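File shown here: data37.cif, holding mmCIF, C-alpha atoms.
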```
data_protein
loop_
_atom_site.label_atom_id
_atom_site.label_comp_id
_atom_site.auth_asym_id
_atom_site.auth_seq_id
_atom_site.Cartn_x
_atom_site.Cartn_y
_atom_site.Cartn_z
CA MET A 176 16.56 -1.08 37.18
CA LEU A 177 14.73 2.19 37.67
CA SER A 178 17.75 4.35 36.96
CA GLY A 179 18.49 2.32 33.81
CA GLY A 180 15.11 3.36 32.48
CA LEU A 181 15.96 6.98 33.22
CA PHE A 182 19.49 7.18 31.96
CA HIS A 183 19.19 5.66 28.53
CA LEU A 184 17.16 8.74 27.63
CA ALA A 185 20.02 11.03 28.64
CA LYS A 186 19.78 14.15 26.46
CA PRO A 187 19.20 17.81 27.30
CA GLN A 188 15.59 18.11 26.13
CA VAL A 189 14.64 15.14 28.26
CA GLU A 190 14.61 17.16 31.47
CA GLN A 191 11.06 18.38 31.06
CA VAL A 192 9.70 14.86 30.58
CA GLN A 193 11.71 13.38 33.41
CA GLY A 194 8.77 13.43 35.78
CA ALA A 195 6.64 11.54 33.30
CA CYS A 196 9.52 9.19 32.64
CA THR A 197 9.88 8.18 36.28
CA MET A 198 6.19 7.45 36.31
CA THR A 199 6.33 5.26 33.19
CA SER A 200 9.43 3.48 34.49
CA GLY A 201 7.48 2.58 37.60
CA LEU A 202 4.59 1.37 35.48
CA SER A 203 6.99 -0.48 33.19
CA ASP A 204 8.52 -2.37 36.10
CA LEU A 205 5.10 -3.09 37.54
CA LEU A 206 3.85 -4.51 34.22
CA ALA A 207 7.00 -6.45 33.43
CA ASP A 208 6.95 -8.08 36.89
CA SER A 209 3.21 -8.82 36.81
CA ALA A 210 1.87 -12.26 35.98
CA PHE A 211 0.76 -11.00 32.54
CA GLY A 212 4.18 -9.49 31.91
CA ARG A 213 5.92 -12.74 32.72
CA LEU A 214 3.41 -14.76 30.67
CA ALA A 215 3.95 -12.45 27.69
CA GLU A 216 7.70 -12.70 28.07
CA PHE A 217 7.46 -16.50 28.23
CA LEU A 218 5.13 -16.78 25.21
CA LEU A 219 7.21 -14.48 23.01
CA SER A 220 10.58 -15.95 23.88
CA SER A 221 9.74 -19.65 24.30
CA VAL A 222 6.98 -20.52 21.84
CA PRO A 223 8.54 -20.96 18.38
CA GLY A 224 7.14 -18.53 15.84
CA MET A 225 5.04 -16.66 18.40
CA PRO A 226 6.31 -13.15 17.52
CA PRO A 227 5.67 -13.36 13.74
CA ILE A 228 2.32 -15.13 14.31
CA LEU A 229 1.10 -12.41 16.67
CA GLN A 230 2.46 -9.70 14.35
CA THR A 231 0.58 -11.26 11.42
CA LEU A 232 -2.65 -11.27 13.45
CA HIS A 233 -1.93 -7.61 14.25
CA LEU A 234 -1.50 -6.87 10.54
CA LEU A 235 -4.66 -8.77 9.59
CA SER A 236 -6.56 -6.68 12.14
CA ILE A 237 -5.18 -3.56 10.48
CA CYS A 238 -6.36 -4.95 7.11
CA ALA A 239 -9.89 -5.03 8.55
CA ILE A 240 -9.55 -1.35 9.50
CA MET A 241 -8.23 -0.52 6.02
CA ALA A 242 -11.07 -2.39 4.35
CA SER A 243 -13.68 -0.62 6.50
CA ALA A 244 -12.82 2.86 7.82
CA VAL A 245 -10.31 3.64 5.07
CA PHE A 246 -12.46 2.40 2.18
CA VAL A 247 -15.54 4.18 3.55
CA SER A 248 -13.44 7.37 3.65
CA LEU A 249 -12.17 6.79 0.12
CA ARG A 250 -15.78 6.30 -1.00
CA ILE A 251 -16.93 9.55 0.63
CA LEU A 252 -14.02 11.35 -1.03
CA GLY A 253 -15.17 9.90 -4.36
CA LEU A 254 -11.97 7.91 -4.84
CA ALA A 255 -13.14 4.27 -4.60
CA VAL A 256 -16.03 1.81 -5.04
CA PRO A 257 -18.43 4.21 -6.86
CA SER A 258 -21.14 1.54 -7.20
CA GLN A 259 -21.52 1.19 -3.43
CA GLN A 260 -23.79 3.38 -1.31
CA VAL A 261 -22.12 5.28 1.51
CA SER A 262 -24.89 4.65 4.05
CA GLU A 263 -24.97 0.95 3.20
CA MET A 264 -21.16 0.72 3.43
CA VAL A 265 -21.18 2.35 6.87
CA GLN A 266 -23.76 -0.11 8.12
CA ARG A 267 -22.00 -3.14 6.65
CA LEU A 268 -18.38 -2.23 7.36
CA GLN A 269 -18.54 -0.38 10.70
CA PRO A 270 -18.31 -3.57 12.81
CA TRP A 271 -15.14 -4.58 10.95
CA THR A 272 -13.40 -1.41 12.15
CA TRP A 273 -14.09 -2.32 15.77
CA TYR A 274 -13.20 -6.00 15.26
CA GLY A 275 -9.96 -4.70 13.77
CA VAL A 276 -9.25 -2.41 16.71
CA ALA A 277 -10.05 -5.21 19.18
CA GLY A 278 -7.94 -7.73 17.25
CA ALA A 279 -5.02 -5.32 17.01
CA PHE A 280 -5.18 -4.74 20.77
CA VAL A 281 -5.33 -8.44 21.65
CA SER A 282 -2.45 -9.31 19.30
CA GLY A 283 -0.32 -6.26 20.12
CA VAL A 284 -0.63 -6.00 23.90
CA TRP A 285 1.71 -8.98 24.49
CA PHE A 286 4.66 -7.08 23.06
CA VAL A 287 4.03 -4.17 25.42
CA LEU A 288 3.54 -6.46 28.42
CA ALA A 289 6.75 -8.36 27.72
CA ARG A 290 8.94 -5.26 27.35
CA PRO A 291 7.00 -2.23 28.63
CA GLU A 292 10.06 0.03 28.89
CA ARG A 293 10.73 -0.44 25.16
CA TYR A 294 7.34 1.12 24.43
CA PHE A 295 6.48 3.56 27.22
CA ASP A 296 9.80 5.38 26.91
CA ASN A 297 9.55 5.42 23.11
CA PRO A 298 8.35 8.73 21.63
CA VAL A 299 7.11 6.99 18.45
CA PHE A 300 4.88 4.73 20.57
CA GLN A 301 3.47 7.83 22.27
CA ILE A 302 2.87 9.46 18.87
CA LYS A 303 1.18 6.29 17.61
CA PHE A 304 -1.24 6.19 20.52
CA THR A 305 -2.04 9.88 20.26
CA LEU A 306 -2.82 9.37 16.56
CA LEU A 307 -4.78 6.21 17.41
CA PHE A 308 -6.94 8.13 19.88
CA PHE A 309 -7.88 10.64 17.19
CA ALA A 310 -8.29 7.95 14.51
CA ILE A 311 -10.83 6.15 16.71
CA LEU A 312 -12.55 9.41 17.71
CA PHE A 313 -12.83 10.60 14.10
CA SER A 314 -14.05 7.18 12.94
CA VAL A 315 -16.80 7.19 15.57
CA MET A 316 -17.76 10.73 14.51
CA LEU A 317 -17.79 9.74 10.83
CA TYR A 318 -19.95 6.66 11.41
CA ARG A 319 -22.29 8.52 13.80
CA SER A 320 -22.77 11.43 11.38
CA GLY A 321 -24.56 9.08 8.98
CA PRO A 322 -22.79 10.41 5.91
CA GLY A 323 -24.96 10.68 2.81
CA GLU A 324 -24.00 10.11 -0.80
CA PRO A 325 -21.29 12.41 -2.08
CA ALA A 326 -22.51 15.30 -4.22
CA ALA A 327 -21.97 14.37 -7.83
CA ARG A 328 -20.97 17.49 -9.71
CA GLN A 329 -23.59 19.69 -8.08
CA ILE A 330 -22.60 22.34 -5.60
CA PRO A 331 -21.72 20.40 -2.45
CA THR A 332 -23.76 21.26 0.62
CA LYS A 333 -22.30 22.10 4.03
CA GLN A 334 -22.92 18.50 5.14
CA HIS A 335 -20.98 17.14 2.19
CA VAL A 336 -18.04 19.37 2.96
CA SER A 337 -17.92 18.34 6.62
CA ALA A 338 -18.31 14.66 5.70
CA ARG A 339 -15.40 15.00 3.30
CA LEU A 340 -13.21 16.73 5.85
CA LEU A 341 -13.99 14.04 8.40
CA ALA A 342 -13.33 11.29 5.83
CA GLY A 343 -10.00 12.87 4.90
CA GLY A 344 -9.06 12.98 8.58
CA VAL A 345 -10.02 9.34 9.15
CA LEU A 346 -8.08 8.26 6.06
CA LEU A 347 -4.88 10.12 6.97
CA LEU A 348 -5.05 9.24 10.67
CA TRP A 349 -5.32 5.47 10.12
CA ILE A 350 -2.47 5.57 7.61
CA ALA A 351 -0.40 7.58 10.08
CA VAL A 352 -1.16 5.10 12.90
CA LEU A 353 -0.01 2.22 10.69
CA LEU A 354 3.20 3.96 9.64
CA ALA A 355 3.96 5.09 13.20
CA GLY A 356 3.47 1.50 14.40
CA ARG A 357 6.19 0.26 12.10
CA TRP A 358 8.50 3.14 13.10
CA ILE A 359 8.41 2.20 16.81
CA ALA A 360 11.34 -0.10 16.14
CA TYR A 361 13.25 2.71 14.43
CA ALA A 362 12.77 5.55 16.93
CA GLU A 363 16.52 6.14 16.94
CA TYR A 364 16.32 7.50 13.40
CA LEU A 365 13.91 10.20 14.54
CA PHE A 366 14.96 10.86 18.12
CA TRP A 367 18.18 10.61 20.12
CA MET B 65 24.86 -16.71 -8.74
CA ASN B 66 25.81 -15.78 -5.23
CA ASP B 67 28.21 -13.21 -6.68
CA PHE B 68 25.26 -11.51 -8.30
CA TRP B 69 23.43 -11.11 -4.98
CA LEU B 70 26.59 -9.89 -3.28
CA GLN B 71 27.15 -7.36 -6.04
CA LEU B 72 23.58 -6.19 -5.71
CA GLU B 73 24.12 -5.76 -1.99
CA SER B 74 27.24 -3.68 -2.50
CA HIS B 75 25.52 -1.32 -4.90
CA PRO B 76 25.67 2.24 -3.50
CA LEU B 77 21.87 2.42 -3.54
CA ALA B 78 21.60 -0.69 -1.35
CA ALA B 79 24.16 0.68 1.07
CA GLU B 80 22.35 4.01 1.20
CA ILE B 81 18.97 2.42 1.94
CA GLY B 82 20.38 -0.04 4.46
CA ALA B 83 22.20 2.56 6.51
CA THR B 84 19.62 5.32 6.65
CA ALA B 85 16.00 6.13 7.48
CA TRP B 86 15.17 5.02 3.92
CA PHE B 87 14.91 1.46 5.21
CA PRO B 88 12.16 2.04 7.80
CA LEU B 89 10.45 4.37 5.34
CA MET B 90 10.35 1.63 2.70
CA GLU B 91 9.34 -0.96 5.29
CA SER B 92 6.48 1.08 6.69
CA LEU B 93 5.17 1.85 3.19
CA HIS B 94 5.50 -1.86 2.35
CA VAL B 95 3.25 -2.66 5.32
CA LEU B 96 0.75 0.00 4.22
CA CYS B 97 0.61 -1.48 0.70
CA ILE B 98 0.10 -4.98 2.05
CA CYS B 99 -2.73 -3.92 4.34
CA VAL B 100 -4.50 -2.14 1.47
CA LEU B 101 -3.84 -5.13 -0.81
CA LEU B 102 -5.28 -7.65 1.65
CA GLY B 103 -8.08 -5.33 2.73
CA ALA B 104 -9.28 -5.03 -0.86
CA ILE B 105 -8.77 -8.65 -1.89
CA VAL B 106 -10.34 -10.12 1.25
CA MET B 107 -13.54 -8.15 0.48
CA VAL B 108 -13.64 -9.71 -3.00
CA ASP B 109 -12.86 -13.20 -1.67
CA LEU B 110 -15.55 -13.04 1.02
CA ARG B 111 -18.10 -11.91 -1.60
CA VAL B 112 -17.16 -14.75 -3.96
CA LEU B 113 -17.48 -17.19 -1.05
CA GLY B 114 -20.97 -15.80 -0.42
CA LEU B 115 -20.09 -14.51 3.06
CA ALA B 116 -20.29 -10.73 2.66
CA ALA B 117 -21.59 -7.83 0.51
CA LEU B 118 -24.11 -10.13 -1.17
CA ARG B 119 -26.14 -7.20 -2.56
CA TYR B 120 -23.34 -6.38 -5.01
CA PRO B 121 -22.52 -8.54 -8.04
CA VAL B 122 -19.08 -10.17 -7.85
CA GLN B 123 -18.14 -8.41 -11.10
CA ASP B 124 -18.70 -4.97 -9.55
CA LEU B 125 -16.45 -5.74 -6.59
CA VAL B 126 -13.80 -7.19 -8.89
CA ARG B 127 -13.93 -4.13 -11.15
CA GLU B 128 -13.74 -1.62 -8.28
CA LEU B 129 -11.48 -3.36 -5.77
CA VAL B 130 -8.97 -5.41 -7.78
CA PRO B 131 -7.29 -2.25 -9.18
CA TRP B 132 -6.61 -1.15 -5.57
CA ALA B 133 -5.10 -4.53 -4.78
CA ALA B 134 -3.07 -4.52 -8.00
CA GLY B 135 -1.79 -0.98 -7.43
CA ALA B 136 -0.85 -1.83 -3.85
CA PHE B 137 0.89 -4.98 -5.11
CA VAL B 138 3.00 -3.01 -7.59
CA PHE B 139 4.01 -0.49 -4.93
CA ALA B 140 4.70 -3.33 -2.46
CA ASN B 141 7.11 -4.77 -5.04
CA VAL B 142 8.97 -1.47 -5.38
CA THR B 143 9.30 -1.00 -1.61
CA GLY B 144 10.03 -4.72 -1.12
CA LEU B 145 12.79 -4.65 -3.72
CA ALA B 146 14.30 -1.60 -2.02
CA MET B 147 14.55 -3.61 1.20
CA PHE B 148 15.63 -6.81 -0.55
CA ILE B 149 18.75 -5.33 -2.15
CA THR B 150 20.13 -4.24 1.23
CA ARG B 151 20.58 -7.91 2.23
CA ALA B 152 20.05 -9.77 -1.04
CA SER B 153 22.46 -12.67 -0.47
CA ALA B 154 21.06 -13.39 3.00
CA HIS B 155 17.45 -13.12 1.83
CA VAL B 156 17.81 -15.62 -1.02
CA GLN B 157 19.01 -18.19 1.55
CA ASN B 158 16.37 -17.27 4.12
CA PRO B 159 13.78 -20.11 4.28
CA ALA B 160 11.03 -17.64 5.21
CA PHE B 161 11.85 -15.50 2.17
CA GLN B 162 11.98 -18.56 -0.09
CA THR B 163 8.62 -19.73 1.26
CA LYS B 164 7.14 -16.29 0.68
CA MET B 165 8.30 -16.21 -2.95
CA GLY B 166 6.96 -19.74 -3.56
CA LEU B 167 3.60 -18.80 -2.07
CA LEU B 168 3.49 -15.62 -4.17
CA LEU B 169 3.97 -17.75 -7.27
CA LEU B 170 1.07 -19.97 -6.19
CA ALA B 171 -1.06 -16.87 -5.50
CA GLY B 172 -0.29 -15.63 -9.03
CA MET B 173 -1.43 -18.93 -10.52
CA ASN B 174 -4.56 -18.83 -8.38
CA ILE B 175 -5.30 -15.28 -9.58
CA ALA B 176 -4.92 -16.42 -13.21
CA LEU B 177 -7.29 -19.31 -12.55
CA PHE B 178 -9.87 -16.96 -11.05
CA HIS B 179 -9.69 -14.27 -13.74
CA PHE B 180 -9.40 -16.46 -16.82
CA ARG B 181 -11.49 -19.48 -15.82
CA ALA B 182 -13.76 -18.88 -12.85
CA LEU B 183 -14.80 -15.26 -13.41
CA PRO B 184 -15.81 -15.50 -17.10
CA ALA B 185 -17.97 -18.52 -16.22
CA MET B 186 -19.98 -16.51 -13.68
CA LEU B 187 -23.19 -14.90 -14.85
CA PRO B 188 -23.11 -11.10 -14.40
CA SER B 189 -26.77 -11.07 -13.42
CA VAL B 190 -26.34 -13.35 -10.44
CA ASN B 191 -26.89 -11.16 -7.41
CA GLY B 192 -26.38 -12.55 -3.97
CA GLY B 193 -26.39 -16.11 -5.21
CA ALA B 194 -23.73 -18.71 -4.56
CA SER B 195 -20.72 -18.63 -6.85
CA PRO B 196 -19.70 -21.70 -8.86
CA LYS B 197 -17.47 -24.19 -7.10
CA LEU B 198 -14.27 -23.25 -8.96
CA ALA B 199 -14.72 -19.57 -8.07
CA ARG B 200 -15.31 -20.43 -4.41
CA CYS B 201 -12.23 -22.67 -4.35
CA THR B 202 -10.01 -19.94 -5.79
CA ALA B 203 -11.43 -17.38 -3.32
CA GLY B 204 -10.81 -19.66 -0.33
CA LEU B 205 -7.33 -20.43 -1.60
CA SER B 206 -6.68 -16.71 -2.09
CA LEU B 207 -7.56 -16.02 1.57
CA LEU B 208 -5.27 -18.80 2.79
CA LEU B 209 -2.41 -17.87 0.48
CA TRP B 210 -2.39 -14.15 1.29
CA CYS B 211 -2.46 -14.81 5.04
CA ALA B 212 0.39 -17.30 4.62
CA ILE B 213 2.35 -14.82 2.46
CA MET B 214 1.90 -12.19 5.15
CA LEU B 215 3.09 -14.59 7.86
CA ALA B 216 6.09 -15.72 5.80
CA GLY B 217 6.95 -12.10 5.02
CA ARG B 218 6.77 -11.10 8.65
CA TRP B 219 8.88 -14.17 9.50
CA VAL B 220 11.67 -13.02 7.15
CA GLY B 221 12.73 -10.43 9.71
CA HIS B 222 12.91 -13.02 12.49
CA VAL B 223 15.37 -15.28 10.65
CA VAL B 224 18.77 -13.70 10.99
#
```
Show me the file's structure as structure tokens.
Amino acid sequence: MLSGGLFHLAKPQVEQVQGACTMTSGLSDLLADSAFGRLAEFLLSSVPGMPPILQTLHLLSICAIMASAVFVSLRILGLAVPSQQVSEMVQRLQPWTWYGVAGAFVSGVWFVLARPERYFDNPVFQIKFTLLFFAILFSVMLYRSGPGEPAARQIPTKQHVSARLLAGGVLLLWIAVLLAGRWIAYAEYLFW
Amino acid sequence: MNDFWLQLESHPLAAEIGATAWFPLMESLHVLCICVLLGAIVMVDLRVLGLAALRYPVQDLVRELVPWAAGAFVFANVTGLAMFITRASAHVQNPAFQTKMGLLLLAGMNIALFHFRALPAMLPSVNGGASPKLARCTAGLSLLLWCAIMLAGRWVGHVV
């Protein structure tokens, strides 16, 4: 069981991550054998339609993130919803970003619990979570910075420039997280 | 008719997409489009239902958000078609795919009802007030239909 987790990654460059791999294999086995792991496995394999239903809830959660963090960023960049005020948007839409993150976690965690080795040993999954960490961090920074209205045609101030940079980062990071999520199933095209 | 789908499948372009990283690229962009599409349209629907963004007139949200949804829809069609041709004959027989197409047709009719009947009947000056019944019905239906389309679309991949 443990060696299976190690050997399907057999390739020269793997040597340096072998230590980490043994650790995740141990964690994978622990999770898969836990009560949650077995429940997840049962739900996904025995309840008809469970996988697409959970995946749809995952996607709807991502829609909430798109409609909040991404549209706020587009607004700051001057690309969308010009009639809305940035400060008002932040106040109104911020909770939706966190509902989205929470919803995506609750709907997505079952897939990881049911087959941890499929995710922990997958470089695309690792990339997704690294991107996710920064997407959340940048979103918190953007919301906390209390971005003002974008400078319309005047010379932008230092604050405007930093708000724009942050907004661009938030926008690209959430898009990258979404794309990476879908590529988890296709890691073999990128690695191995 | 089945010959047509088989021919489509055997087109070099279909074979190229199906056998390479083009497929996941198209699929991931399809998902991005759909999330932008639903993100934008759900904001409009919730406003029409009187549940969110009440300080903005419905017309403003429609004017500024529907183009995003429409653009995402067009791009979702391009990426969706790219995936469809790789397994056209199987997809046309896939009940999830058939359901999705049927629901899309209903969503189109619902959109027409909203834009040509419900929206023109709404007063532009009404801020924060409740929308007329027809507008609220089409908005509620829009929410249900898009969620169902998403579920059916996601289900397509689970029917093999």
Non-local contacts of Met90 of chain B (8 Å; only C-alpha atoms; under 5 positions in same chain excluded) as a PyMOL selection string:
chain B and resi 143-144+146-147
With C-alpha atoms retained, could you export that selection as an mmCIF file, keeping the file's coordinate frame?
```
data_model
loop_
_atom_site.group_PDB
_atom_site.id
_atom_site.type_symbol
_atom_site.label_atom_id
_atom_site.label_comp_id
_atom_site.auth_asym_id
_atom_site.auth_seq_id
_atom_site.Cartn_x
_atom_site.Cartn_y
_atom_site.Cartn_z
ATOM 1 C CA THR B 143 9.300 -1.000 -1.610
ATOM 2 C CA GLY B 144 10.030 -4.720 -1.120
ATOM 3 C CA ALA B 146 14.300 -1.600 -2.020
ATOM 4 C CA MET B 147 14.550 -3.610 1.200
#
```
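With distances taken over all atoms listed in the file, B:Cys99 is the one residue among B:Gly135, B:Cys201, B:Cys99, B:Phe87 lying closest to Gly275 of chain A.
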Shortest interatomic distance to chain B - which of A:Val315, A:Ala242, A:Ala360, A:Ala351, counting all atoms listed in the file:
A:Ala242
With only C-alpha atoms as the basis for distance, which of A:Gly212, A:Pro257, A:Gly321, A:Pro223 is at the shortest distance from chain B?
A:Pro257
Distance cut-off 9 Å, counting only C-alpha atoms - which residues of chain A neighbour chain B? Return them as number ranges by chain.
A: 224, 226-228, 230-232, 234-235, 237-243, 245-246, 255-259, 267, 350, 353-358, 360-361, 364-365
Box time for segment 169-181 of chain B: axis-aligned, enclosing all its listed atoms, 5 Å extra on each side; report centre and edge lengths in Å to one decimal, as AutoDock Vina command-line options.
```
--center_x -3.8 --center_y -17.1 --center_z -11.2 --size_x 25.5 --size_y 15.7 --size_z 21.3
```
Please tabulate, as JSON lines, the residues of segment 238-279 of chain A that come within 12 Å of segment 331-340 of chain A, each with its closest pair of atoms and the distance in Å to one decimal, counting all atoms listed in the file and ordering rows by chain, then residue number upward.
```
{"residue": "A:Val247", "atom": "CA", "partner": "A:Arg339", "partner_atom": "CA", "distance": 10.8}
{"residue": "A:Ser248", "atom": "CA", "partner": "A:Arg339", "partner_atom": "CA", "distance": 7.9}
{"residue": "A:Leu249", "atom": "CA", "partner": "A:Arg339", "partner_atom": "CA", "distance": 9.4}
{"residue": "A:Arg250", "atom": "CA", "partner": "A:Arg339", "partner_atom": "CA", "distance": 9.7}
{"residue": "A:Ile251", "atom": "CA", "partner": "A:Arg339", "partner_atom": "CA", "distance": 6.3}
{"residue": "A:Leu252", "atom": "CA", "partner": "A:Arg339", "partner_atom": "CA", "distance": 5.8}
{"residue": "A:Gly253", "atom": "CA", "partner": "A:Arg339", "partner_atom": "CA", "distance": 9.2}
{"residue": "A:Leu254", "atom": "CA", "partner": "A:Arg339", "partner_atom": "CA", "distance": 11.3}
{"residue": "A:Val261", "atom": "CA", "partner": "A:Ala338", "partner_atom": "CA", "distance": 11.0}
```
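Between atom CA of Pro291 of chain A and atom CA of Leu229 of chain A the interatomic distance comes to 16.8 Å.
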Answer key for the PyMOL selection byres ((chain A and resi 273) around 10), residues as a ChimeraX atom specification:
/A:236,239-240,243-244,268-272,274-279,311,314-315
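For the set B:Lys164, B:Arg181, B:Trp69, B:Ile175, the residue with the smallest atom-to-atom gap to Asp109 of chain B is B:Ile175, counting only C-alpha atoms.
Rounded to one decimal, atom CA of Ala171 of chain B and atom CA of His233 of chain A lie 21.8 Å from each other.
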Which residues are near Asn158 of chain B? Cut-off 9 Å, only C-alpha atoms, ignore same chain within fewer than 4 positions. Put them as a PyMOL selection string.
chain B and resi 153-154+162-163+220+223-224
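Between atom CA of Ala289 of chain A and atom CA of Ala362 of chain A the separation is 18.6 Å.
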Can you translate the PyMOL selection byres ((chain B and resi 185) around 12) into the concrete residues it hits in this file, as a PyMOL selection string?
chain B and resi 122-123+177-184+186-190+195-199
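Comparing the minimum interatomic distances between Ser74 of chain B and each of B:His155, B:Ile149, B:Leu208, B:Met173, counting all atoms listed in the file, we find that B:Ile149 sits nearest.
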Just save segment 252-294 of chain A with C-alpha atoms, as a compact mmCIF listing (two decimals), in the first residue's frame.
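Listed below is the output, part.txt:
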```
# COMPACT_ATOMS: atom_id res chain seq x y z
CA LEU A 252 -9.38 47.92 -12.86
CA GLY A 253 -12.13 49.94 -14.56
CA LEU A 254 -13.32 46.98 -16.62
CA ALA A 255 -16.81 46.28 -15.23
CA VAL A 256 -19.89 47.70 -13.48
CA PRO A 257 -18.94 51.42 -13.77
CA SER A 258 -22.14 52.57 -12.02
CA GLN A 259 -21.24 50.76 -8.79
CA GLN A 260 -19.08 52.24 -6.05
CA VAL A 261 -15.97 50.28 -5.11
CA SER A 262 -16.34 50.79 -1.36
CA GLU A 263 -20.01 49.81 -1.48
CA MET A 264 -19.20 46.72 -3.59
CA VAL A 265 -16.55 45.60 -1.12
CA GLN A 266 -18.97 45.92 1.76
CA ARG A 267 -21.80 44.14 -0.05
CA LEU A 268 -19.85 41.40 -1.83
CA GLN A 269 -17.06 40.52 0.63
CA PRO A 270 -19.16 37.98 2.57
CA TRP A 271 -19.94 36.15 -0.68
CA THR A 272 -16.24 35.48 -1.23
CA TRP A 273 -15.98 33.76 2.14
CA TYR A 274 -19.27 31.87 1.69
CA GLY A 275 -17.82 30.73 -1.62
CA VAL A 276 -14.56 29.58 -0.07
CA ALA A 277 -16.44 27.77 2.73
CA GLY A 278 -18.87 26.18 0.26
CA ALA A 279 -16.06 25.06 -2.02
CA PHE A 280 -14.28 23.47 0.94
CA VAL A 281 -17.36 21.64 2.21
CA SER A 282 -18.26 20.34 -1.27
CA GLY A 283 -14.70 19.53 -2.33
CA VAL A 284 -13.22 17.90 0.78
CA TRP A 285 -15.16 14.64 0.20
CA PHE A 286 -13.21 13.91 -2.96
CA VAL A 287 -9.91 14.33 -1.13
CA LEU A 288 -11.07 12.22 1.83
CA ALA A 289 -12.25 9.40 -0.43
CA ARG A 290 -9.04 9.19 -2.47
CA PRO A 291 -6.32 11.20 -0.70
CA GLU A 292 -3.44 9.67 -2.66
CA ARG A 293 -4.99 10.91 -5.92
CA TYR A 294 -4.65 14.48 -4.63
```
